[in-house]
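This report refers to the structure that appears directly beneath it.
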Amino acid sequence: MEEGKGTEWSGISDRALVDGLRAGHTGAVDELIRRFEPLVSRYAQVLRVPPSDRRHWIGEVLYEVAMTLSRGRLEPPRHLGAYIAGACNLKVRRLRVAEWKYQRRVGAAADRVDGGEAAVIGLCSEDALRSARDPSGEVQALSPLLQRLVSAFGEAVTPEEQRLLEYLANQISYTTIAKWLGITRPAAVSRIQRLRARLVRAALSFGASLNHDDRAELIRFLRRTGTVREEQIAEIEDGDR
């Protein structure tokens, strides 16, 4: 049998294919992919792998199966198709467990951010938020002025928006937020922008009633957030002249 010729591998049995994998023949790997890609593709649909991830996921499953079989540490599977189907189910379970653990860690981190504090932190861009963290990775404590700003937001934020702000405060990506909310990424970005715009308006209204020193501190904070336009900040500065 000559390695690398697909026609030479296409007619062999599954057991001979496994033997070829264990012997290190690259033609056996190519045949495994050709033979079982339709099966893994069907499982990807049944297991609800997102269409955007499906091609990469199928390739990963088949590559992992090929590498596992080539090591020869286990008895050859009696039915290669059933073995690959099991690998599909196992991969999905592992991914779901990993995502569940990740969401638990994120939830625990979000719970450590005070509700009002998240509203202030959620105003910041990702770059501004990174620079606001101390070397341990924690967000620095809010100043007395920003604590007053928290109070000024009052009950303007709904529970759903509060959770969204907690995600932002803990630097969860827009893509992940969209997935957790069950919406598209553009829809998530639009929702975040609308919420931030409302918080900015509340912050500007709050700033209009401040004395000179407090207003200067608020202006410095708004500039650091990276989300407030300079012409909006100018509204507060003009009121101080």
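Residues are named by chain letter and number: chains run A, B, ... in the order of the structure tokens, numbers start at 1 in each chain, and ligands are numbered from 1 in the order shown.
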
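By only C-alpha atoms, and with residues fewer than 5 positions from A:Thr176 along its chain excluded, the set lying at most 10 Å from it is Tyr167, Leu181, Gly182, Arg185 and Ala188 of chain A.
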
Suppose we keep C-alpha atoms; can you now write the selection as an mmCIF file, in the first residue's frame?
```cif
data_model
loop_
_atom_site.group_PDB
_atom_site.id
_atom_site.type_symbol
_atom_site.label_atom_id
_atom_site.label_comp_id
_atom_site.auth_asym_id
_atom_site.auth_seq_id
_atom_site.Cartn_x
_atom_site.Cartn_y
_atom_site.Cartn_z
ATOM 1 C CA TYR A 167 -20.250 42.329 32.896
ATOM 2 C CA LEU A 181 -27.895 37.578 26.470
ATOM 3 C CA GLY A 182 -28.934 35.444 23.497
ATOM 4 C CA ARG A 185 -22.987 41.086 18.860
ATOM 5 C CA ALA A 188 -25.316 43.904 22.303
#
```

Residues within 10 Å of A:Val65, only C-alpha atoms, excluding chain neighbours under 2 positions, as a list in words =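 What passes the distance filter is Val29, Leu32, Ile33, Gly59, Glu60, Val61, Leu62, Tyr63, Met67, Thr68, Leu69, Ser70, Leu80, Tyr83, Ile84, Ala87 and Cys88 of chain A.
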
What would the file look like if the residues just selected were written as a PDB file, in the first residue's frame with C-alpha atoms?
```pdb
ATOM      1  CA  VAL A  29      -5.214  10.721   8.520  1.00  0.00           C
ATOM      2  CA  LEU A  32     -10.120   9.381   8.342  1.00  0.00           C
ATOM      3  CA  ILE A  33     -11.104  12.996   7.683  1.00  0.00           C
ATOM      4  CA  GLY A  59     -11.600  19.709  12.159  1.00  0.00           C
ATOM      5  CA  GLU A  60     -10.660  19.691  15.851  1.00  0.00           C
ATOM      6  CA  VAL A  61     -12.721  16.565  16.574  1.00  0.00           C
ATOM      7  CA  LEU A  62     -11.206  14.588  13.704  1.00  0.00           C
ATOM      8  CA  TYR A  63      -7.674  15.758  14.465  1.00  0.00           C
ATOM      9  CA  MET A  67      -3.932  11.808  17.383  1.00  0.00           C
ATOM     10  CA  THR A  68      -5.533   9.625  20.064  1.00  0.00           C
ATOM     11  CA  LEU A  69      -5.690   6.566  17.815  1.00  0.00           C
ATOM     12  CA  SER A  70      -2.163   7.077  16.497  1.00  0.00           C
ATOM     13  CA  LEU A  80     -14.875   3.526  14.468  1.00  0.00           C
ATOM     14  CA  TYR A  83     -16.078   5.916  18.621  1.00  0.00           C
ATOM     15  CA  ILE A  84     -16.043   9.202  16.692  1.00  0.00           C
ATOM     16  CA  ALA A  87     -15.775  11.879  20.757  1.00  0.00           C
ATOM     17  CA  CYS A  88     -18.255  14.467  19.443  1.00  0.00           C
TER      18      CYS A  88
END
```

Interatomic distance between atom CA of A:Leu165 and atom CA of A:Ile192?
-> 8.4 Å

What separation in Å, quoted to one decimal, exists between atom CA of A:Ile233 and atom CA of A:Ala197?
->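 A separation of 13.1 Å between them.
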
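With only C-alpha atoms as the atoms that count, the residue of A:Ala66, A:Leu74, A:Val40, A:Leu146 with the shortest distance to A:Val92 is A:Val40.
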
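Using only C-alpha atoms, the contacts of A:Arg54 at a cut-off of 12 Å, with sequence neighbours closer than 2 positions omitted, comprise Glu37, Val40, Ser41, Arg42, Tyr43, Ala44, Gln45, Val46, Leu47, Arg48, Val49, Pro50, Pro51, Ser52, His56, Trp57, Ile58, Gly59, Glu60, Val61, Cys88 and Val92 of chain A.
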
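When atom CA of A:Pro77 is paired with atom CA of A:Thr26, their separation reads 19.7 Å.
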
Neighbour list for A:Trp9 as JSON, numbers by chain, cut-off 8 Å, only C-alpha atoms, skip fewer than 6 positions in-chain | {"A": [17, 27, 28, 31]}

Please provide the set of residues having any atom within 12 Å of A:Thr175, restricted to only C-alpha atoms, with same-chain residues fewer than 2 positions apart removed, written as a short mmCIF file (atom, residue, chain, number, x, y, z; two decimals) with C-alpha atoms, in the first residue's frame.
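Saved as part_22.cif:
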```cif
data_model
loop_
_atom_site.label_atom_id
_atom_site.label_comp_id
_atom_site.auth_asym_id
_atom_site.auth_seq_id
_atom_site.Cartn_x
_atom_site.Cartn_y
_atom_site.Cartn_z
CA TYR A 167 -20.25 42.33 32.90
CA LEU A 168 -18.63 45.51 31.58
CA GLN A 171 -14.17 43.30 31.35
CA ILE A 172 -16.32 40.62 29.73
CA SER A 173 -16.01 40.86 25.95
CA ILE A 177 -22.02 39.30 26.56
CA ALA A 178 -24.03 38.87 23.36
CA LYS A 179 -23.88 35.10 23.72
CA TRP A 180 -25.05 35.20 27.33
CA LEU A 181 -27.89 37.58 26.47
CA GLY A 182 -28.93 35.44 23.50
CA ILE A 183 -28.58 38.30 20.99
CA THR A 184 -26.21 39.19 18.17
CA ARG A 185 -22.99 41.09 18.86
CA PRO A 186 -24.18 44.24 17.02
CA ALA A 187 -27.38 44.19 19.11
CA ALA A 188 -25.32 43.90 22.30
CA VAL A 189 -23.05 46.78 21.24
#
```

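Closest approach to A:Leu145 from the set A:His79, A:Arg220, A:Arg15, A:Arg22 is made by A:Arg220, with distances taken over only C-alpha atoms.
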
Go through A:Arg224, A:Gly81, A:Leu149, A:Leu195 and flag the residue nearest A:Pro38, using only C-alpha atoms for the distances.
-> A:Gly81
